[in-house]
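Enquirer: Compact mmCIF, C-alpha atoms and all ligand atoms, saved as upload07.txt, coming up:
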# COMPACT_ATOMS: atom_id res chain seq x y z
CA MET A 178 0.00 0.00 0.00
CA ILE A 179 0.97 3.63 -0.44
CA PRO A 180 -0.22 5.55 2.62
CA THR A 181 -2.29 8.71 2.46
CA LYS A 182 -2.33 11.58 4.94
CA GLU A 183 -5.78 10.49 6.19
CA TYR A 184 -4.50 6.99 6.72
CA VAL A 185 -1.44 8.14 8.69
CA GLU A 186 -3.56 10.45 10.88
CA ARG A 187 -5.99 7.65 11.62
CA LYS A 188 -3.17 5.24 12.46
CA PHE A 189 -1.52 7.85 14.66
CA ASP A 190 -4.70 8.13 16.75
CA GLU A 191 -5.11 4.37 16.84
CA PHE A 192 -1.54 3.63 17.98
CA ASN A 193 -1.57 6.58 20.35
CA ARG A 194 -4.48 4.93 22.21
CA LEU A 195 -3.08 1.43 21.88
CA CYS A 196 0.62 1.90 22.60
CA PHE A 197 1.07 5.30 24.29
CA ASP A 198 -2.00 5.58 26.58
CA GLY A 199 -3.22 8.45 24.40
CA LYS A 200 -0.46 10.69 25.77
CA LEU A 201 0.83 12.03 22.47
CA SER A 202 -0.71 15.20 21.16
CA ARG A 203 -1.58 15.29 17.49
CA LEU A 204 1.03 16.72 15.18
CA PRO A 205 1.10 17.82 11.55
CA VAL A 206 1.41 14.94 9.11
CA VAL A 207 3.17 15.61 5.82
CA MET A 208 3.38 13.15 2.99
CA SER A 209 6.67 13.33 1.10
CA ARG A 210 8.52 11.67 -1.72
CA GLY A 211 11.50 11.05 0.54
CA ARG A 212 13.90 8.44 -0.67
CA SER A 213 16.21 7.97 2.28
CA ALA A 214 13.65 7.03 4.90
CA LEU A 215 10.07 5.78 4.99
CA GLY A 216 9.37 7.90 8.00
CA LYS A 217 10.95 10.88 9.60
CA LEU A 218 10.12 12.96 12.61
CA SER A 219 11.33 16.49 12.06
CA PHE A 220 11.53 18.99 14.85
CA MET A 221 13.42 22.00 16.07
CA ARG A 222 15.88 21.81 18.90
CA ARG A 223 15.35 24.85 21.04
CA ARG A 224 17.66 26.17 23.64
CA ASN A 225 16.07 27.54 26.84
CA PRO A 226 17.39 30.61 28.64
CA ASP A 227 18.74 28.35 31.36
CA GLY A 228 20.78 26.47 28.78
CA SER A 229 18.59 23.38 28.72
CA GLU A 230 17.20 22.19 25.41
CA VAL A 231 13.69 21.29 24.37
CA CYS A 232 12.37 19.88 21.15
CA SER A 233 9.36 21.53 19.54
CA ASP A 234 7.56 22.03 16.22
CA PHE A 235 7.21 18.34 15.49
CA THR A 236 6.15 17.11 12.07
CA LEU A 237 5.63 13.50 11.07
CA ARG A 238 6.78 12.88 7.51
CA ILE A 239 5.87 9.67 5.74
CA SER A 240 7.17 8.78 2.32
CA THR A 241 4.85 7.84 -0.53
CA ARG A 242 7.70 6.73 -2.73
CA TYR A 243 7.39 3.04 -1.90
CA ASP A 244 4.54 0.60 -2.18
CA LEU A 245 4.86 -1.48 0.96
CA ASP A 246 3.13 -4.07 3.05
CA GLU A 247 0.70 -2.38 5.42
CA ARG A 248 2.47 -3.89 8.43
CA VAL A 249 5.67 -2.16 7.39
CA VAL A 250 3.89 1.17 7.04
CA GLU A 251 2.31 0.75 10.47
CA ASP A 252 5.62 -0.20 12.07
CA THR A 253 7.22 2.86 10.47
CA ILE A 254 4.55 5.13 11.95
CA ILE A 255 5.00 3.57 15.41
CA HIS A 256 8.79 3.88 15.09
CA GLU A 257 8.48 7.62 14.52
CA MET A 258 5.92 7.85 17.32
CA ILE A 259 8.46 6.40 19.74
CA HIS A 260 10.88 9.18 18.76
CA TYR A 261 8.05 11.67 19.24
CA HIS A 262 7.17 10.23 22.64
CA ILE A 263 10.79 10.46 23.84
CA LEU A 264 11.52 13.93 22.47
CA SER A 265 8.20 15.58 23.31
CA HIS A 266 8.33 14.34 26.91
CA GLY A 267 11.91 15.48 27.38
CA LEU A 268 13.25 11.98 28.03
CA ARG A 269 17.00 11.87 27.60
CA ASP A 270 18.29 8.96 25.62
CA THR A 271 21.97 8.43 24.89
CA SER A 272 21.41 8.37 21.11
CA PRO A 273 18.43 8.47 18.72
CA HIS A 274 18.02 4.71 19.15
CA GLY A 275 19.49 4.42 22.61
CA PRO A 276 18.33 2.27 25.54
CA ILE A 277 15.10 4.20 26.15
CA PHE A 278 14.08 3.86 22.52
CA ARG A 279 14.97 0.19 22.46
CA ASN A 280 13.07 -0.56 25.65
CA ILE A 281 9.88 1.06 24.41
CA MET A 282 10.27 -0.59 21.03
CA ALA A 283 10.80 -4.05 22.56
CA ASP A 284 7.83 -3.53 24.84
CA ILE A 285 5.50 -2.57 21.99
CA ASN A 286 6.80 -5.40 19.81
CA ARG A 287 6.08 -7.89 22.59
CA ARG A 288 2.73 -6.58 23.75
CA HIS A 289 1.29 -5.84 20.34
CA GLY A 290 2.97 -8.43 18.16
CA ARG A 291 4.74 -5.78 16.10
CA ASN A 292 8.03 -5.99 14.27
CA ILE A 293 9.39 -2.49 14.71
CA GLU A 294 13.07 -2.25 13.89
CA ILE A 295 15.86 0.20 14.31
CA THR A 296 18.01 -0.40 11.30
CA HIS A 297 16.29 0.36 8.02
CA ARG A 298 14.24 3.41 8.69
CA ARG A 299 16.87 5.76 9.95
CA THR A 300 17.01 9.27 8.71
CA GLU A 301 20.10 10.97 7.34
CA SER A 302 20.35 13.28 10.33
CA GLU A 303 20.17 10.35 12.71
CA MET A 304 22.83 8.56 10.74
CA ALA A 305 25.06 11.60 10.74
CA ALA A 306 24.63 11.80 14.50
CA ASP A 307 25.58 8.16 14.97
CA THR A 308 29.27 8.37 15.65
CA GLU A 309 29.76 5.33 17.82
CA ARG A 310 32.98 3.60 16.87
CA LYS A 311 32.70 -0.06 16.19
CA LEU A 312 34.40 -2.42 13.85
CA HIS A 313 32.71 -3.19 10.58
CA ILE A 314 33.43 -6.22 8.51
CA LEU A 315 32.75 -5.05 5.00
CA LEU A 316 32.41 -6.81 1.73
CA VAL A 317 33.13 -4.29 -1.02
CA ALA A 318 31.78 -5.80 -4.21
CA LYS A 319 32.28 -4.59 -7.77
CA PHE A 320 29.93 -5.71 -10.51
CA SER A 321 30.44 -6.05 -14.22
CA ASP A 322 28.54 -2.79 -14.78
CA ARG A 323 31.26 -1.23 -12.55
CA LYS A 324 28.79 -0.43 -9.78
CA VAL A 325 30.10 -0.95 -6.27
CA CYS A 326 28.06 -2.19 -3.34
CA VAL A 327 28.89 -2.78 0.29
CA THR A 328 27.63 -5.30 2.81
CA ALA A 329 28.38 -5.12 6.55
CA PHE A 330 28.59 -8.27 8.61
CA SER A 331 28.76 -9.09 12.27
CA ARG A 332 32.06 -10.40 13.54
CA SER A 333 31.52 -14.05 13.10
CA ALA A 334 33.51 -16.42 10.95
CA SER A 335 30.56 -18.80 10.98
CA VAL A 336 28.61 -16.17 9.05
CA LEU A 337 31.43 -14.99 6.81
CA LEU A 338 32.84 -18.24 5.52
CA PRO A 339 29.64 -19.65 3.97
CA ILE A 340 29.02 -16.28 2.30
CA TRP A 341 32.60 -16.10 1.08
CA ASP A 342 32.09 -19.53 -0.48
CA THR A 343 29.02 -18.41 -2.43
CA LEU A 344 30.57 -15.29 -3.98
CA GLY A 345 31.66 -17.19 -7.06
CA ARG A 346 27.99 -17.77 -7.89
CA VAL A 347 26.77 -14.18 -7.56
CA VAL A 348 25.65 -13.06 -11.00
CA GLY A 349 27.60 -10.12 -12.35
CA LEU A 350 30.04 -9.93 -9.45
CA SER A 351 33.40 -9.18 -11.00
CA ASP A 352 35.68 -8.45 -8.05
CA TYR A 353 35.52 -7.95 -4.31
CA ARG A 354 37.50 -7.13 -1.20
CA TRP A 355 36.87 -8.13 2.40
CA VAL A 356 38.02 -5.42 4.77
CA ILE A 357 37.65 -4.16 8.33
CA SER A 358 36.94 -0.52 9.06
CA ALA A 359 36.25 1.40 12.26
CA ASP A 360 34.77 4.35 10.37
CA ALA A 361 31.45 5.38 11.99
CA TYR A 362 30.18 6.26 8.52
CA PHE A 363 29.43 2.57 8.06
CA ASN A 364 27.21 2.50 11.16
CA ARG A 365 24.38 3.30 8.77
CA LEU A 366 24.59 -0.12 7.17
CA PRO A 367 22.45 -2.83 8.72
CA ARG A 368 24.40 -5.87 9.88
CA SER A 369 23.65 -8.60 7.40
CA ARG A 370 23.67 -12.33 7.89
CA SER A 371 23.24 -12.89 4.19
CA LEU A 372 24.30 -11.13 1.02
CA LYS A 373 22.50 -7.82 0.73
CA PHE A 374 24.29 -5.27 -1.39
CA TYR A 375 23.93 -1.66 -0.39
CA ARG A 376 24.79 1.24 -2.63
CA LEU A 377 26.60 4.11 -0.97
CA PRO A 378 27.78 7.30 -2.67
CA LEU A 379 31.00 6.60 -4.54
CA ASP A 380 32.74 9.75 -3.37
CA GLU A 381 32.11 8.67 0.22
CA LEU A 382 33.44 5.19 -0.46
CA ARG A 383 36.58 6.57 -2.08
CA ARG A 384 37.16 8.72 0.97
CA ARG A 385 36.30 6.05 3.55
CA LEU A 386 38.18 3.14 2.02
CA ARG A 387 41.61 4.72 1.70
CA ALA A 388 42.95 2.93 4.73
CA VAL A 389 41.27 -0.31 5.69
CA ASN A 390 42.56 -3.62 6.92
CA PRO A 391 42.10 -6.54 4.56
CA ILE A 392 40.68 -9.79 5.82
CA ILE A 393 42.92 -12.61 4.73
CA ARG A 394 41.54 -16.08 4.38
CA ASP A 395 43.59 -19.20 4.79
CA GLY A 396 41.27 -22.18 4.45
CA ARG A 397 38.84 -21.82 7.34
CA THR A 398 40.96 -19.24 9.15
CA LEU A 399 40.50 -15.50 8.90
CA THR A 400 43.14 -12.96 9.87
CA THR A 401 43.62 -9.28 9.19
CA GLY A 402 46.47 -7.71 7.28
CA ARG A 403 48.19 -4.34 7.29
CA ALA A 404 46.17 -1.37 6.09
CA ILE A 405 45.54 -1.14 2.37
CA ASP A 406 44.13 1.56 0.10
CA LEU A 407 41.12 0.67 -2.09
CA THR A 408 41.56 3.69 -4.36
CA ASP A 409 42.79 1.52 -7.22
CA PHE A 410 40.01 -0.99 -6.69
CA LEU A 411 37.45 1.85 -6.91
CA ALA A 412 39.19 3.70 -9.74
CA ASP A 413 36.95 2.47 -12.57
CA ALA A 414 33.78 2.26 -10.45
CA ARG A 415 30.79 4.35 -11.34
ZN ZN B 501 14.51 6.24 14.24
Before anything else, please render the file you have as C-alpha cells.
Expert:
Amino acid sequence: MIPTKEYVERKFDEFNRLCFDGKLSRLPVVMSRGRSALGKLSFMRRRNPDGSEVCSDFTLRISTRYDLDERVVEDTIIHEMIHYHILSHGLRDTSPHGPIFRNIMADINRRHGRNIEITHRRTESEMAADTERKLHILLVAKFSDRKVCVTAFSRSASVLLPIWDTLGRVVGLSDYRWVISADAYFNRLPRSRSLKFYRLPLDELRRRLRAVNPIIRDGRTLTTGRAIDLTDFLADAR
C-alpha cells in the first residue's frame, strides 16, 4: 500500500491509544517523496534561557515513494511515534536509538505483536549523529557494470565463511575485497547475515576506504592484514 495523509492520521490516533495511553498530542502529518527514509520525525531543537534544550515544532513525515506491506507502514509510523514520545516528553536517551528507545520498542513489539526495527528506517540526520565507533566487517563488491556495493557483517567467521564460499555464484560480481573498518560512517549499514548489497555514494566510499585492513583467508581461518588503500580498486567504479 501507499499511505495517504488520512491513513497516517488515523493510524496515529489508533496507535496513540493502543501503545502510548493516548499521551501524544496530534502533530502535523506531511506526505513526502522522501527516498532515504520511509518515516521521519522532524523537529526543532530549542535552547532555553537556562541552557537546557527542548524539542518543539514536530512534524511527522511519511514517504509515498514506496509501495509497501501495510504492516511495514504501520511499524514505520510507530517507530516515529516512539521518537516523538521520547523527544516531546523530554526523556534523555543516549542516542536516537538508545536504551530508552529500544526498551519502548521491545515492549510494543512484545505486547502488540509488532516488528518495529531500528536499522532500516533511519534518517540521514540520525545517521550523521551516529558516531559510535565499532568495527565493521565489509564486503566491497564490484559488478560487471562497474557499480560498487557494500555489505556489513557481524564479527563471526561462521557467518562470513559460507558467504565467502558463495561469492563465485553471484551473477555479475566481477571483483571484491573483504576489509575491516572502524569508520562510523558505516554504522548506517544494517548488519547482514546474508548477502544484501547496499549502494553508498562513490565519493564517500573513495574517501572512507583509503585505509582499511584486509581480511585474509587461509582455508577456514581469517586474519587481518596491514592497512591497504582501495583507491585503485574503486578507480573504474561508477
Ligand atoms: Zn529512528
Enquirer: Counting all atoms listed in the file, what is within 12 Å of A:Phe330, bar same-chain residues fewer than 3 positions away, as JSON, numbers by chain?
Expert: {"A": [311, 312, 313, 314, 315, 316, 317, 327, 333, 334, 335, 336, 337, 338, 340, 341, 355, 356, 357, 358, 363, 364, 366, 367, 368, 369, 370, 371, 372, 373, 374]}
Enquirer: Could you dump the residues just selected with C-alpha atoms as a PDB file, in the frame of the given file?
Expert:
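New file result15.pdb:
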ATOM      1  CA  LYS A 311      32.700  -0.060  16.190  1.00  0.00           C
ATOM      2  CA  LEU A 312      34.400  -2.420  13.850  1.00  0.00           C
ATOM      3  CA  HIS A 313      32.710  -3.190  10.580  1.00  0.00           C
ATOM      4  CA  ILE A 314      33.430  -6.220   8.510  1.00  0.00           C
ATOM      5  CA  LEU A 315      32.750  -5.050   5.000  1.00  0.00           C
ATOM      6  CA  LEU A 316      32.410  -6.810   1.730  1.00  0.00           C
ATOM      7  CA  VAL A 317      33.130  -4.290  -1.020  1.00  0.00           C
ATOM      8  CA  VAL A 327      28.890  -2.780   0.290  1.00  0.00           C
ATOM      9  CA  SER A 333      31.520 -14.050  13.100  1.00  0.00           C
ATOM     10  CA  ALA A 334      33.510 -16.420  10.950  1.00  0.00           C
ATOM     11  CA  SER A 335      30.560 -18.800  10.980  1.00  0.00           C
ATOM     12  CA  VAL A 336      28.610 -16.170   9.050  1.00  0.00           C
ATOM     13  CA  LEU A 337      31.430 -14.990   6.810  1.00  0.00           C
ATOM     14  CA  LEU A 338      32.840 -18.240   5.520  1.00  0.00           C
ATOM     15  CA  ILE A 340      29.020 -16.280   2.300  1.00  0.00           C
ATOM     16  CA  TRP A 341      32.600 -16.100   1.080  1.00  0.00           C
ATOM     17  CA  TRP A 355      36.870  -8.130   2.400  1.00  0.00           C
ATOM     18  CA  VAL A 356      38.020  -5.420   4.770  1.00  0.00           C
ATOM     19  CA  ILE A 357      37.650  -4.160   8.330  1.00  0.00           C
ATOM     20  CA  SER A 358      36.940  -0.520   9.060  1.00  0.00           C
ATOM     21  CA  PHE A 363      29.430   2.570   8.060  1.00  0.00           C
ATOM     22  CA  ASN A 364      27.210   2.500  11.160  1.00  0.00           C
ATOM     23  CA  LEU A 366      24.590  -0.120   7.170  1.00  0.00           C
ATOM     24  CA  PRO A 367      22.450  -2.830   8.720  1.00  0.00           C
ATOM     25  CA  ARG A 368      24.400  -5.870   9.880  1.00  0.00           C
ATOM     26  CA  SER A 369      23.650  -8.600   7.400  1.00  0.00           C
ATOM     27  CA  ARG A 370      23.670 -12.330   7.890  1.00  0.00           C
ATOM     28  CA  SER A 371      23.240 -12.890   4.190  1.00  0.00           C
ATOM     29  CA  LEU A 372      24.300 -11.130   1.020  1.00  0.00           C
ATOM     30  CA  LYS A 373      22.500  -7.820   0.730  1.00  0.00           C
ATOM     31  CA  PHE A 374      24.290  -5.270  -1.390  1.00  0.00           C
TER      32      PHE A 374
END
Enquirer: So what do you get for atom CA of A:Ile179 versus atom CA of A:Arg279, distance-wise?
Expert: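 Straight-line distance from atom CA of A:Ile179 to atom CA of A:Arg279 works out to 27.1 Å.
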Enquirer: Which residues come within 7 Å of stretch 387-399 of chain A, counting only C-alpha atoms, excluding same-chain residues fewer than 2 positions away, as JSON, numbers by chain?
Expert: {"A": [355, 356, 357, 358, 383, 384, 385, 401, 402, 403, 404, 405, 406, 407, 408]}
Enquirer: Give me the residues near A:Ile255 as a list in words, where near means some atom within 10 Å (using all atoms listed in the file) and where sequence neighbours in that chain fewer than 6 positions away do not count.
Expert: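 The filter keeps Lys188, Phe189, Phe192, Asn193, Cys196, Phe197, Gly216, Val249, Tyr261, Met282, Ile285, Arg291 and Ile293 of chain A.
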Enquirer: If I take atom CA of A:Phe278 and atom CA of A:Tyr375, how far is one from the other in Å, to one decimal?
Expert: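 These two atoms are separated by 25.5 Å.
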